[in-house]
file coords-v7.tsv (TSV, C-alpha atoms and all ligand atoms)
chain	number	residue	atom	x	y	z
A	1	MET	CA	115.39	-19.05	18.14
A	2	ARG	CA	115.93	-16.58	15.28
A	3	ILE	CA	113.68	-13.54	15.39
A	4	THR	CA	113.77	-11.12	12.46
A	5	ASN	CA	112.12	-7.74	12.37
A	6	GLU	CA	110.68	-7.67	8.87
A	7	GLN	CA	109.23	-4.22	9.49
A	8	ASN	CA	112.80	-2.84	9.19
A	9	ASP	CA	112.82	-3.76	5.50
A	10	ILE	CA	109.81	-1.55	4.72
A	11	ALA	CA	110.52	1.88	3.19
A	12	GLU	CA	106.96	3.19	3.43
A	13	VAL	CA	103.53	1.95	4.47
A	14	LEU	CA	101.22	2.44	1.47
A	15	PHE	CA	97.99	0.96	2.81
A	16	SER	CA	97.65	0.71	6.59
A	17	GLN	CA	95.78	-2.01	8.45
A	18	GLU	CA	92.91	0.43	9.07
A	19	MET	CA	92.74	1.52	5.41
A	20	ILE	CA	92.67	-2.10	4.26
A	21	LYS	CA	89.95	-3.11	6.72
A	22	LYS	CA	87.73	-0.17	5.74
A	23	ARG	CA	88.15	-0.82	2.00
A	24	VAL	CA	87.67	-4.59	2.27
A	25	ASP	CA	84.43	-4.06	4.22
A	26	GLU	CA	83.23	-1.62	1.53
A	27	LEU	CA	83.97	-4.13	-1.23
A	28	ALA	CA	82.24	-6.89	0.75
A	29	ALA	CA	79.14	-4.72	1.21
A	30	GLN	CA	79.04	-4.07	-2.55
A	31	LEU	CA	79.43	-7.78	-3.38
A	32	THR	CA	76.71	-8.65	-0.86
A	33	VAL	CA	74.28	-6.40	-2.75
A	34	ASP	CA	75.41	-7.50	-6.23
A	35	TYR	CA	75.38	-11.24	-5.45
A	36	GLU	CA	72.54	-11.51	-2.93
A	37	GLN	CA	70.61	-14.28	-4.71
A	38	LYS	CA	73.50	-15.74	-6.71
A	39	ASP	CA	75.47	-17.88	-4.23
A	40	PRO	CA	78.79	-16.78	-5.77
A	41	LEU	CA	81.78	-19.08	-5.97
A	42	MET	CA	84.66	-17.11	-4.50
A	43	VAL	CA	87.95	-18.28	-6.03
A	44	CYS	CA	91.06	-17.43	-4.02
A	45	VAL	CA	94.28	-17.10	-6.02
A	46	LEU	CA	96.86	-18.53	-3.62
A	47	LYS	CA	98.93	-17.58	-1.83
A	48	GLY	CA	98.96	-13.82	-2.19
A	49	ALA	CA	95.20	-13.27	-1.96
A	50	SER	CA	94.75	-15.42	1.16
A	51	PHE	CA	94.32	-12.67	3.77
A	52	PHE	CA	92.26	-10.46	1.45
A	53	TYR	CA	90.08	-13.44	0.54
A	54	ALA	CA	89.47	-14.49	4.14
A	55	ASP	CA	88.61	-10.96	5.29
A	56	LEU	CA	86.43	-10.31	2.22
A	57	CYS	CA	84.43	-13.56	2.48
A	58	ARG	CA	84.02	-13.13	6.25
A	59	SER	CA	82.61	-9.64	5.73
A	60	MET	CA	80.15	-10.66	2.99
A	61	LYS	CA	76.62	-11.24	4.23
A	62	CYS	CA	75.28	-13.46	1.43
A	63	ARG	CA	75.64	-17.22	0.93
A	64	LEU	CA	78.80	-18.13	-0.94
A	65	PHE	CA	81.03	-21.03	-1.95
A	66	MET	CA	84.80	-21.12	-1.52
A	67	ASP	CA	87.48	-22.68	-3.71
A	68	PHE	CA	91.20	-22.18	-4.21
A	69	ILE	CA	93.63	-22.14	-7.11
A	70	ALA	CA	97.40	-21.84	-6.87
A	71	VAL	CA	99.36	-20.30	-9.72
A	72	SER	CA	102.93	-19.24	-10.10
A	73	SER	CA	104.14	-16.36	-12.23
A	74	TYR	CA	107.08	-15.08	-10.22
A	75	GLY	CA	109.30	-17.76	-8.76
A	76	THR	CA	111.38	-15.98	-6.17
A	77	SER	CA	112.19	-12.80	-8.08
A	78	ALA	CA	110.44	-9.43	-7.97
A	79	ARG	CA	109.95	-9.33	-11.76
A	80	SER	CA	107.08	-10.80	-13.79
A	81	THR	CA	107.97	-13.56	-16.21
A	82	GLY	CA	104.56	-13.53	-17.88
A	83	VAL	CA	104.49	-17.31	-17.58
A	84	VAL	CA	101.51	-18.64	-15.62
A	85	LYS	CA	101.67	-22.16	-14.24
A	86	ILE	CA	98.78	-23.87	-12.44
A	87	ILE	CA	100.13	-25.52	-9.31
A	88	LYS	CA	96.76	-26.46	-7.84
A	89	ASP	CA	93.50	-26.32	-9.79
A	90	LEU	CA	90.00	-25.78	-8.37
A	91	ASP	CA	88.42	-28.74	-6.57
A	92	LYS	CA	84.94	-28.24	-8.04
A	93	ASN	CA	83.31	-27.77	-11.41
A	94	ILE	CA	82.39	-24.11	-12.04
A	95	THR	CA	79.87	-24.70	-14.85
A	96	ASP	CA	76.73	-22.56	-14.30
A	97	LYS	CA	78.24	-20.93	-11.19
A	98	HIS	CA	78.67	-17.20	-10.61
A	99	VAL	CA	82.44	-17.04	-10.26
A	100	ILE	CA	84.38	-14.22	-8.61
A	101	ILE	CA	88.17	-14.45	-8.99
A	102	VAL	CA	89.83	-12.89	-5.94
A	103	GLU	CA	93.36	-11.69	-6.72
A	104	ASP	CA	95.82	-9.84	-4.50
A	105	ILE	CA	97.48	-7.51	-6.98
A	106	ILE	CA	97.49	-6.81	-10.70
A	107	ASP	CA	100.85	-5.97	-12.25
A	108	SER	CA	101.18	-6.94	-15.93
A	109	GLY	CA	97.64	-8.33	-15.76
A	110	LEU	CA	98.75	-11.56	-17.43
A	111	THR	CA	97.80	-13.80	-14.49
A	112	LEU	CA	94.25	-12.51	-14.22
A	113	LYS	CA	93.79	-12.52	-17.99
A	114	TYR	CA	94.97	-16.10	-18.17
A	115	LEU	CA	92.70	-17.23	-15.33
A	116	THR	CA	89.68	-15.42	-16.75
A	117	GLU	CA	90.13	-17.10	-20.13
A	118	LEU	CA	90.73	-20.49	-18.53
A	119	PHE	CA	87.54	-20.22	-16.47
A	120	HIS	CA	85.46	-18.89	-19.37
A	121	ALA	CA	86.13	-22.14	-21.22
A	122	ARG	CA	84.52	-24.01	-18.30
A	123	LYS	CA	81.18	-22.26	-18.98
A	124	PRO	CA	80.34	-20.50	-15.69
A	125	ALA	CA	77.05	-18.55	-15.41
A	126	SER	CA	79.14	-15.39	-15.01
A	127	ILE	CA	82.69	-14.42	-14.17
A	128	LYS	CA	83.94	-11.28	-12.45
A	129	THR	CA	87.26	-10.26	-10.98
A	130	ILE	CA	88.24	-8.43	-7.82
A	131	CYS	CA	91.71	-7.33	-6.81
A	132	LEU	CA	92.90	-5.55	-3.71
A	133	VAL	CA	95.58	-3.50	-5.48
A	134	ASP	CA	95.95	-2.54	-9.14
A	135	LYS	CA	99.28	-1.22	-10.49
A	136	ILE	CA	97.50	0.67	-13.22
A	137	ASN	CA	100.63	1.81	-15.11
A	138	LYS	CA	102.09	-1.67	-15.45
A	139	HIS	CA	99.45	-3.52	-17.45
A	140	GLN	CA	100.78	-5.38	-20.49
A	141	CYS	CA	97.35	-6.47	-21.74
A	142	GLU	CA	93.76	-5.29	-21.84
A	143	ILE	CA	92.55	-5.85	-18.26
A	144	LYS	CA	90.17	-4.07	-15.90
A	145	PRO	CA	89.08	-5.67	-12.63
A	146	ASP	CA	85.34	-5.45	-11.96
A	147	TYR	CA	86.05	-4.52	-8.34
A	148	CYS	CA	89.25	-2.96	-7.03
A	149	GLY	CA	90.45	-1.94	-3.57
A	150	PHE	CA	93.27	0.47	-4.33
A	151	THR	CA	95.33	1.66	-7.26
A	152	MET	CA	99.05	2.37	-7.00
A	153	GLY	CA	102.09	3.26	-9.10
A	154	ASP	CA	105.16	1.21	-9.89
A	155	HIS	CA	106.59	-0.15	-6.61
A	156	PHE	CA	107.21	-3.62	-5.30
A	157	VAL	CA	105.00	-4.08	-2.25
A	158	VAL	CA	104.71	-6.73	0.43
A	159	GLY	CA	102.45	-7.56	3.35
A	160	TYR	CA	98.82	-8.65	3.87
A	161	GLY	CA	99.54	-11.80	1.85
A	162	LEU	CA	102.02	-10.27	-0.59
A	163	ASP	CA	105.51	-11.65	-0.41
A	164	TYR	CA	109.07	-11.37	-1.49
A	165	SER	CA	110.59	-14.87	-1.65
A	166	ASP	CA	107.71	-16.02	0.58
A	167	PHE	CA	108.65	-13.57	3.36
A	168	TYR	CA	106.63	-10.58	4.66
A	169	ARG	CA	103.21	-12.14	4.00
A	170	ASN	CA	102.11	-11.77	7.62
A	171	LEU	CA	102.74	-8.02	7.89
A	172	PRO	CA	99.32	-6.52	8.72
A	173	TYR	CA	99.73	-3.63	6.23
A	174	ILE	CA	100.96	-3.26	2.63
A	175	GLY	CA	104.28	-1.48	2.33
A	176	ILE	CA	106.99	-0.70	-0.20
A	177	LEU	CA	109.97	-2.97	0.22
A	178	LYS	CA	113.33	-1.21	0.45
A	179	PRO	CA	115.01	-1.82	-2.95
A	180	GLU	CA	118.28	-2.87	-1.25
A	181	THR	CA	116.38	-5.85	0.14
A	182	TYR	CA	116.10	-7.44	-3.30
A	183	GLU	CA	118.58	-5.67	-5.59
A	201	LIG	P1	100.78	-10.12	-13.11
A	201	LIG	O1	102.03	-9.47	-13.65
A	201	LIG	O2	100.47	-11.40	-13.80
A	201	LIG	O3	101.18	-10.46	-11.64
A	201	LIG	O4	99.61	-9.16	-13.08
A	201	LIG	C1	100.27	-10.80	-10.71
A	201	LIG	C2	100.94	-11.54	-9.60
A	201	LIG	O5	102.27	-11.12	-9.40
A	201	LIG	C3	102.56	-10.96	-8.05
A	201	LIG	N1	102.94	-9.55	-7.80
A	201	LIG	C4	103.43	-9.07	-6.68
A	201	LIG	N2	103.70	-9.67	-5.51
A	201	LIG	N3	104.42	-7.61	-4.64
A	201	LIG	C5	104.19	-8.94	-4.50
A	201	LIG	O6	104.42	-9.46	-3.42
A	201	LIG	C6	104.19	-6.93	-5.77
A	201	LIG	O7	104.42	-5.72	-5.84
A	201	LIG	C7	103.66	-7.71	-6.84
A	201	LIG	N4	103.30	-7.39	-8.10
A	201	LIG	C8	102.87	-8.54	-8.65
A	201	LIG	C9	101.32	-11.34	-7.31
A	201	LIG	O8	101.44	-12.66	-6.87
A	201	LIG	C10	100.22	-11.26	-8.31
A	201	LIG	O9	99.21	-12.21	-8.09
A	202	MG	MG	99.00	-13.57	-6.57
call {"tool": "encode", "arguments": {"input": "coords-v7.tsv", "output": "structure tokens"}}
result
Amino acid sequence: MRITNEQNDIAEVLFSQEMIKKRVDELAAQLTVDYEQKDPLMVCVLKGASFFYADLCRSMKCRLFMDFIAVSSYGTSARSTGVVKIIKDLDKNITDKHVIIVEDIIDSGLTLKYLTELFHARKPASIKTICLVDKINKHQCEIKPDYCGFTMGDHFVVGYGLDYSDFYRNLPYIGILKPETYE
């Protein structure tokens, strides 16, 4: 059996397990108030948002619906291509629903912008966005999430759903990957 210690590849922990839990619970409390009577449709952007999405939905106290979309913008590299491809679309119609797009991290902003425009065309009752982490200096388009967990500078991070080449997703915290790991 091959056992790797992925934690050795982390240069610095940016957001600890405790920090993430506290912030996710705060965001969930806010959404519970804002969406109390609206039965929001929570859309998980796979795979990166999976842990954030599960913890957020579990902590929300209002009725909600769940659906999943899978997009690809990165392939296996650490650099954005700006090209968004839908790998798996939503199962259900979102017309007249209060949609909340749950994204892991905003970098160029192109993925979230694309998804927001795509969903708008499907005529939902409303559409809002939430991301766990926003790399505020990296945006390449006009984008501002309605709800945001943390902001950060320009680093490549992994953990809590975020990956490099599909590794590191199950780290319980978000950390900066040592550059020598991918350069
Ligand atoms: P854009 O550039 O469209 O990118 O805002 C959003 C998607 O890119 C991925 N991404 C990252 N994944 N560490 C990751 O593991 C990062 O630092 C990072 N930055 C962007 C992510 O999938 C996000 O949904
Ligand atoms: Mg993602």
call {"tool": "closest_atom_pairs", "arguments": {"input": "coords-v7.tsv", "of": "chain A", "to": "ligand MG 202 (chain A)", "cutoff": "7 Å", "atoms": "all atoms listed in the file", "output": "Markdown table"}}
result
| residue | atom | partner | partner_atom | distance |
| --- | --- | --- | --- | --- |
| A:Val45 | CA | A:MG202 | MG | 5.9 |
| A:Leu46 | CA | A:MG202 | MG | 6.2 |
| A:Lys47 | CA | A:MG202 | MG | 6.2 |
| A:Gly48 | CA | A:MG202 | MG | 4.4 |
| A:Ala49 | CA | A:MG202 | MG | 6.0 |
| A:Glu103 | CA | A:MG202 | MG | 5.9 |
| A:Asp104 | CA | A:MG202 | MG | 5.3 |
| A:Ile105 | CA | A:MG202 | MG | 6.3 |
call {"tool": "residues_near_point", "arguments": {"input": "coords-v7.tsv", "point": "(103.4, 2.0, 2.3)", "cutoff": "9 Å", "atoms": "all atoms listed in the file", "output": "list of chain:residue names"}}
result
A:Ile10, A:Ala11, A:Glu12, A:Val13, A:Leu14, A:Phe15, A:Ser16, A:Val157, A:Tyr173, A:Ile174, A:Gly175, A:Ile176, A:Leu177
call {"tool": "axis_aligned_box", "arguments": {"input": "coords-v7.tsv", "around": "ligand LIG 201 (chain A)", "padding_each_side": "8 Å", "output": "JSON"}}
result
{"center_x": 101.8, "center_y": -9.2, "center_z": -8.6, "size_x": 21.2, "size_y": 22.9, "size_z": 26.4}
call {"tool": "residues_near_ligand", "arguments": {"input": "coords-v7.tsv", "ligand": "ligand LIG 201 (chain A)", "cutoff": "7 Å", "atoms": "only C-alpha atoms and all ligand atoms", "output": "JSON, numbers by chain"}}
result
{"A": [48, 73, 74, 80, 82, 103, 104, 105, 106, 107, 108, 109, 110, 111, 112, 155, 156, 157, 158, 162, 163, 164]}
call {"tool": "closest_residue", "arguments": {"input": "coords-v7.tsv", "among": "A:Lys61, A:Tyr147, A:Asp67, A:Ser72", "to": "A:Lys92", "atoms": "all atoms listed in the file"}}
result
A:Asp67
call {"tool": "atom_distance", "arguments": {"input": "coords-v7.tsv", "atom1": "atom CA of A:Val71", "atom2": "atom CA of A:Val43"}}
result
12.2 Å
call {"tool": "residues_around", "arguments": {"input": "coords-v7.tsv", "residues": "A:Asp9", "least_positions_apart": "3", "cutoff": "7 Å", "atoms": "all atoms listed in the file", "output": "ChimeraX atom specification"}}
result
/A:6,177-178,181
call {"tool": "atom_distance", "arguments": {"input": "coords-v7.tsv", "atom1": "atom CA of A:Arg58", "atom2": "atom CA of A:Ala28"}}
result
8.5 Å
call {"tool": "residues_around", "arguments": {"input": "coords-v7.tsv", "residues": "A:Lys22", "least_positions_apart": "5", "cutoff": "12 Å", "atoms": "only C-alpha atoms", "output": "list of chain:residue names"}}
result
A:Phe15, A:Ser16, A:Gln17, A:Leu27, A:Ala28, A:Ala29, A:Asp55, A:Leu56, A:Ser59, A:Gly149, A:Phe150
call {"tool": "atom_distance", "arguments": {"input": "coords-v7.tsv", "atom1": "atom CA of A:Asp146", "atom2": "atom CA of A:Leu41"}}
result
15.3 Å
call {"tool": "closest_residue", "arguments": {"input": "coords-v7.tsv", "among": "A:Asn137, A:Ser165, A:Thr129, A:Asn170", "to": "A:Leu31", "atoms": "all atoms listed in the file"}}
result
A:Thr129
call {"tool": "closest_residue", "arguments": {"input": "coords-v7.tsv", "among": "A:Glu183, A:Leu171, A:Asp154, A:Lys123", "to": "A:Lys135", "atoms": "all atoms listed in the file"}}
result
A:Asp154
call {"tool": "closest_residue", "arguments": {"input": "coords-v7.tsv", "among": "A:Tyr160, A:Phe167, A:Tyr114, A:Phe119", "to": "A:Cys141", "atoms": "only C-alpha atoms"}}
result
A:Tyr114
call {"tool": "closest_residue", "arguments": {"input": "coords-v7.tsv", "among": "A:Lys128, A:Arg122, A:Arg23, A:Lys138", "to": "A:Tyr35", "atoms": "only C-alpha atoms"}}
result
A:Lys128
